[in-house]
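Down below is the structure, laid out as structure tokens.
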Amino acid sequence: NPLDERTLEEKLNDLAENNFARKNPHLVYTFQNKLFLDPGEPEVINFAVERISEVANKYNVDAIHFDDYFYPYKYTANGEDVFFYKQDLDKDTYEKYATGYGEYNYANAAKWREDNVTKLVQAVSNAVTDINNANNRSIQFGISPFGIWAHSAEYEEGSVTPISSTSSLRDQFANTRKWVKDGLVDYLTPQIYWAFNTAAAPYGELLQWWDSQFNGVTDSHLYIGHPNYKYIDASWDNNFKNPYEIANQLRFNQKYENVKGSAFFSFDKLLTKTVLTQGDKFDVLNHSNTILKNDYFNLPANAPGKPWLDKIETSPVSNPKYSINANRIKLKWDDSNS
């Protein structure tokens, strides 16, 4: 509710008595009428790592996965964009830690915030690795960030996208490219939630940019996030009235060696809906799902292997043979692995 003018204390009192934020109000700030734990505080990073470690230790999870939330996104109020970093909400934390804190001295608050997020990602990565090594497990750690890292007009290594568009580095202080280069994530799934002819964020340009970031990377995989929800939930985006949009994106992906797969948001938007009347908003979804189902979802998906997480020695198969019968090729081999 944008008109909610309660104090921070009143909002915190809505939470359970044992909630970490309620017990530590000095670690919390509000933005867009939401409560945020301040990632500039080491206590917050420690708390996040402890909770993630608790999940990874107690449950048989395949992966620890982060979505695209780090420092807050901008929002629009009264026709104006409101940016987190123009509000001075973490000024006290910056002044407390940004100079002479450990080995770091920061030229500006932006670099300090960026390093806070990277410290969090590094700490989670280390914790998951330690759990894997101690327990002979292969839990993955991955992130699905906003689809634009940075714009070339602001950062030389960025994508050719207009600076008016959001970018994860400038607006959320999330240096996703660095995490890949430094081997902090087992996979990255950038949310390229736009069409080929979206001027502010063209799919083809961004796909090629992300593919190039994984050149020479041997310990992390690139998957692409696709917005199938837009077929029914984004009437403002006419590009997704084309039922072939995502199918064409998948076909385009196959040209690029570093793209190891795709992910879809969201699963329920892949389910077939009942068309009630001609022209119903689900028409395009059913059409799109038929294309995806027949051309792409007609075989089981296999997650690519990640040898750097393998805890057993996997030996090559042996004695391969093939036979041809009419149009079909049959393969056989011996496999000594379990």
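Chains: A, B, ... in order of the structure tokens. Residues: from 1 per chain. Ligands: from 1, in order shown.
Within segment 89-218 of chain A, residues classed as strand (DSSP E or B) by DSSP on backbone coordinates are Thr99, Gly100, Tyr101, Tyr104, Asn105, Gln140, Phe141, Gly142, Ile143, Phe146, His151, Ser159, Tyr187, Leu188 and Gln191 of chain A.
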Written file, previous selection with C-alpha atoms, as a PDB file, in the first residue's frame:
ATOM      1  CA  THR A  99      36.760   3.483   4.981  1.00  0.00           C
ATOM      2  CA  GLY A 100      39.397   1.392   6.631  1.00  0.00           C
ATOM      3  CA  TYR A 101      37.047  -1.596   6.998  1.00  0.00           C
ATOM      4  CA  TYR A 104      39.080  -2.195   1.820  1.00  0.00           C
ATOM      5  CA  ASN A 105      38.840   1.499   1.151  1.00  0.00           C
ATOM      6  CA  GLN A 140      24.776 -26.366  -6.844  1.00  0.00           C
ATOM      7  CA  PHE A 141      24.713 -22.636  -6.168  1.00  0.00           C
ATOM      8  CA  GLY A 142      23.107 -20.529  -8.881  1.00  0.00           C
ATOM      9  CA  ILE A 143      21.523 -17.143  -9.493  1.00  0.00           C
ATOM     10  CA  PHE A 146      18.223  -9.264 -14.113  1.00  0.00           C
ATOM     11  CA  HIS A 151      25.373  -0.777 -20.685  1.00  0.00           C
ATOM     12  CA  SER A 159      25.942  -4.787 -23.728  1.00  0.00           C
ATOM     13  CA  TYR A 187      25.260 -21.579 -13.100  1.00  0.00           C
ATOM     14  CA  LEU A 188      23.761 -18.240 -14.030  1.00  0.00           C
ATOM     15  CA  GLN A 191      16.299 -13.218 -17.067  1.00  0.00           C
TER      16      GLN A 191
END
Expressed in Å to a single decimal, how great is the separation between atom CA of Pro72 of chain A and atom CA of Asn175 of chain A? 14.4 Å
Once DSSP has gone over the backbone, tell me which residues of segment 92-310 of chain A are in alpha helix (DSSP H), as a VMD selection string. chain A and resid 92 to 97 109 to 135 168 to 172 176 to 181 203 to 213 230 to 233 245 to 253 283 to 295
Each segment 161-230 of chain A residue no farther than 12 Å from segment 120-134 of chain A, nearest pair in Å, only C-alpha atoms, as CSV:
residue,atom,partner,partner_atom,distance
A:Ala174,CA,A:Val121,CA,9.6
A:Asn175,CA,A:Val121,CA,10.1
A:Thr176,CA,A:Val121,CA,9.8
A:Lys178,CA,A:Val121,CA,10.7
A:Trp179,CA,A:Val121,CA,7.9
A:Val180,CA,A:Val121,CA,11.0
A:Asp182,CA,A:Gln122,CA,9.4
A:Gly183,CA,A:Ser125,CA,9.1
A:Leu184,CA,A:Ser125,CA,5.8
A:Val185,CA,A:Ser125,CA,6.8
A:Asp186,CA,A:Ser125,CA,9.0
A:Tyr187,CA,A:Ser125,CA,11.6
Output all heavy atoms for every residue in the selection just made, as an mmCIF file, in the first residue's frame.
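Contents of again25.cif, as written:
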data_model
loop_
_atom_site.group_PDB
_atom_site.id
_atom_site.type_symbol
_atom_site.label_atom_id
_atom_site.label_comp_id
_atom_site.auth_asym_id
_atom_site.auth_seq_id
_atom_site.Cartn_x
_atom_site.Cartn_y
_atom_site.Cartn_z
ATOM 1 N N ALA A 174 24.819 -5.375 -8.351
ATOM 2 C CA ALA A 174 25.061 -6.816 -8.464
ATOM 3 C C ALA A 174 25.978 -7.062 -9.663
ATOM 4 O O ALA A 174 25.547 -6.957 -10.813
ATOM 5 C CB ALA A 174 23.737 -7.562 -8.643
ATOM 6 N N ASN A 175 27.237 -7.379 -9.388
ATOM 7 C CA ASN A 175 28.216 -7.577 -10.462
ATOM 8 C C ASN A 175 28.190 -9.029 -10.920
ATOM 9 O O ASN A 175 29.115 -9.810 -10.664
ATOM 10 C CB ASN A 175 29.616 -7.169 -9.995
ATOM 11 C CG ASN A 175 30.585 -7.014 -11.152
ATOM 12 O OD1 ASN A 175 30.333 -7.488 -12.257
ATOM 13 N ND2 ASN A 175 31.700 -6.356 -10.908
ATOM 14 N N THR A 176 27.130 -9.391 -11.610
ATOM 15 C CA THR A 176 26.897 -10.781 -12.002
ATOM 16 C C THR A 176 28.009 -11.321 -12.896
ATOM 17 O O THR A 176 28.373 -12.493 -12.812
ATOM 18 C CB THR A 176 25.548 -10.894 -12.720
ATOM 19 O OG1 THR A 176 25.508 -9.939 -13.795
ATOM 20 C CG2 THR A 176 24.410 -10.570 -11.770
ATOM 21 N N LYS A 178 31.172 -10.581 -12.815
ATOM 22 C CA LYS A 178 32.327 -10.909 -11.967
ATOM 23 C C LYS A 178 32.146 -12.270 -11.295
ATOM 24 O O LYS A 178 33.107 -13.051 -11.181
ATOM 25 C CB LYS A 178 32.508 -9.815 -10.908
ATOM 26 C CG LYS A 178 33.599 -10.101 -9.873
ATOM 27 C CD LYS A 178 33.695 -8.961 -8.862
ATOM 28 C CE LYS A 178 34.639 -9.306 -7.720
ATOM 29 N NZ LYS A 178 36.028 -9.519 -8.172
ATOM 30 N N TRP A 179 30.919 -12.562 -10.859
ATOM 31 C CA TRP A 179 30.688 -13.824 -10.158
ATOM 32 C C TRP A 179 30.983 -15.018 -11.058
ATOM 33 O O TRP A 179 31.479 -16.045 -10.592
ATOM 34 C CB TRP A 179 29.244 -13.896 -9.651
ATOM 35 C CG TRP A 179 28.860 -12.723 -8.801
ATOM 36 C CD1 TRP A 179 29.710 -11.871 -8.132
ATOM 37 C CD2 TRP A 179 27.544 -12.242 -8.546
ATOM 38 N NE1 TRP A 179 28.987 -10.899 -7.473
ATOM 39 C CE2 TRP A 179 27.661 -11.095 -7.711
ATOM 40 C CE3 TRP A 179 26.277 -12.661 -8.935
ATOM 41 C CZ2 TRP A 179 26.553 -10.378 -7.266
ATOM 42 C CZ3 TRP A 179 25.168 -11.951 -8.503
ATOM 43 C CH2 TRP A 179 25.308 -10.823 -7.678
ATOM 44 N N VAL A 180 30.659 -14.877 -12.341
ATOM 45 C CA VAL A 180 30.973 -15.947 -13.293
ATOM 46 C C VAL A 180 32.487 -16.048 -13.482
ATOM 47 O O VAL A 180 33.061 -17.149 -13.413
ATOM 48 C CB VAL A 180 30.282 -15.685 -14.648
ATOM 49 C CG1 VAL A 180 30.781 -16.673 -15.703
ATOM 50 C CG2 VAL A 180 28.781 -15.770 -14.500
ATOM 51 N N ASP A 182 34.858 -15.178 -11.595
ATOM 52 C CA ASP A 182 35.563 -15.611 -10.385
ATOM 53 C C ASP A 182 35.143 -16.992 -9.906
ATOM 54 O O ASP A 182 35.608 -17.453 -8.848
ATOM 55 C CB ASP A 182 35.340 -14.597 -9.250
ATOM 56 C CG ASP A 182 36.050 -13.268 -9.503
ATOM 57 O OD1 ASP A 182 36.826 -13.189 -10.478
ATOM 58 O OD2 ASP A 182 35.827 -12.306 -8.738
ATOM 59 N N GLY A 183 34.253 -17.655 -10.637
ATOM 60 C CA GLY A 183 33.861 -19.016 -10.280
ATOM 61 C C GLY A 183 33.032 -19.122 -9.023
ATOM 62 O O GLY A 183 33.097 -20.125 -8.304
ATOM 63 N N LEU A 184 32.212 -18.105 -8.728
ATOM 64 C CA LEU A 184 31.419 -18.115 -7.496
ATOM 65 C C LEU A 184 30.088 -18.824 -7.657
ATOM 66 O O LEU A 184 29.428 -19.120 -6.657
ATOM 67 C CB LEU A 184 31.173 -16.674 -7.022
ATOM 68 C CG LEU A 184 32.410 -15.823 -6.759
ATOM 69 C CD1 LEU A 184 32.009 -14.487 -6.148
ATOM 70 C CD2 LEU A 184 33.395 -16.558 -5.843
ATOM 71 N N VAL A 185 29.649 -19.071 -8.894
ATOM 72 C CA VAL A 185 28.349 -19.706 -9.129
ATOM 73 C C VAL A 185 28.530 -20.912 -10.048
ATOM 74 O O VAL A 185 29.387 -20.910 -10.928
ATOM 75 C CB VAL A 185 27.327 -18.725 -9.757
ATOM 76 C CG1 VAL A 185 26.895 -17.684 -8.748
ATOM 77 C CG2 VAL A 185 27.886 -18.058 -11.009
ATOM 78 N N ASP A 186 27.716 -21.935 -9.813
ATOM 79 C CA ASP A 186 27.742 -23.116 -10.686
ATOM 80 C C ASP A 186 26.928 -22.891 -11.948
ATOM 81 O O ASP A 186 27.140 -23.570 -12.950
ATOM 82 C CB ASP A 186 27.211 -24.332 -9.926
ATOM 83 C CG ASP A 186 28.082 -24.675 -8.739
ATOM 84 O OD1 ASP A 186 29.294 -24.896 -8.940
ATOM 85 O OD2 ASP A 186 27.566 -24.707 -7.601
ATOM 86 N N TYR A 187 25.998 -21.968 -11.896
ATOM 87 C CA TYR A 187 25.260 -21.579 -13.100
ATOM 88 C C TYR A 187 24.696 -20.186 -12.896
ATOM 89 O O TYR A 187 24.527 -19.719 -11.768
ATOM 90 C CB TYR A 187 24.123 -22.565 -13.410
ATOM 91 C CG TYR A 187 23.031 -22.595 -12.373
ATOM 92 C CD1 TYR A 187 21.955 -21.706 -12.428
ATOM 93 C CD2 TYR A 187 23.079 -23.492 -11.310
ATOM 94 C CE1 TYR A 187 20.961 -21.717 -11.456
ATOM 95 C CE2 TYR A 187 22.094 -23.515 -10.344
ATOM 96 C CZ TYR A 187 21.041 -22.626 -10.417
ATOM 97 O OH TYR A 187 20.063 -22.621 -9.453
#
Might you pull out every residue within 12 Å of Lys321 of chain A, with only C-alpha atoms counted and same-chain residues fewer than 5 positions away left off, and present them as a list of chain:residue names?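 My list of contacting residues is A:Ile329, A:Lys330, A:Leu331, A:Lys332, A:Trp333, A:Asp334.
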If we count only C-alpha atoms, what is near Phe84 of chain A at a cut-off of 8 Å, once residues fewer than 5 positions away on the same chain are taken out, given as a PyMOL selection string? chain A and resi 31+71-74+89
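For Arg170 of chain A, the non-local neighbours within 10 Å, defined as residues at least 6 positions apart in the same chain or in other chains and counting only C-alpha atoms, are A:Tyr85, A:Ala110, A:Lys111, A:Glu114, A:Trp149, A:Ala150, A:His151, A:Glu154, A:Tyr155, A:Ile163.
Minimum atom-to-atom distances from A:Asn327, A:Ser144, A:Asn215, A:Asn248 to Ile192 of chain A were compared using only C-alpha atoms, and the lowest value belongs to A:Ser144.
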Determine, counting only C-alpha atoms, which protein, DNA and RNA residues have an atom within 12 Å of an atom of Ser212 of chain A; residues of the same chain fewer than 6 positions away are not included. Present the result as a ChimeraX atom specification. /A:157-159,177,180-181,205-206,222,256-259
Nearest to Gln32 of chain A among A:Asn197, A:Gln87, A:Thr93, A:Asn228, with distances taken over only C-alpha atoms: which residue is it?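 Of the candidates, the smallest distance to Gln32 of chain A is held by A:Gln87.
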Which one is closest to Ser165 of chain A: A:Asn136, A:Phe252, A:Trp209, A:Ala200? Count only C-alpha atoms.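 Checking each of A:Asn136, A:Phe252, A:Trp209, A:Ala200 against Ser165 of chain A, counting only C-alpha atoms, the winner is A:Ala200.
Of the listed residues (A:Val117, A:Ala48, A:Ala98, A:Thr189), A:Thr189 comes nearest to Asp67 of chain A; the distances count only C-alpha atoms.
Closest approach to Asp81 of chain A among A:Val55, A:Asp237, A:Asp171, A:Asn253: A:Asp171, based on only C-alpha atoms.
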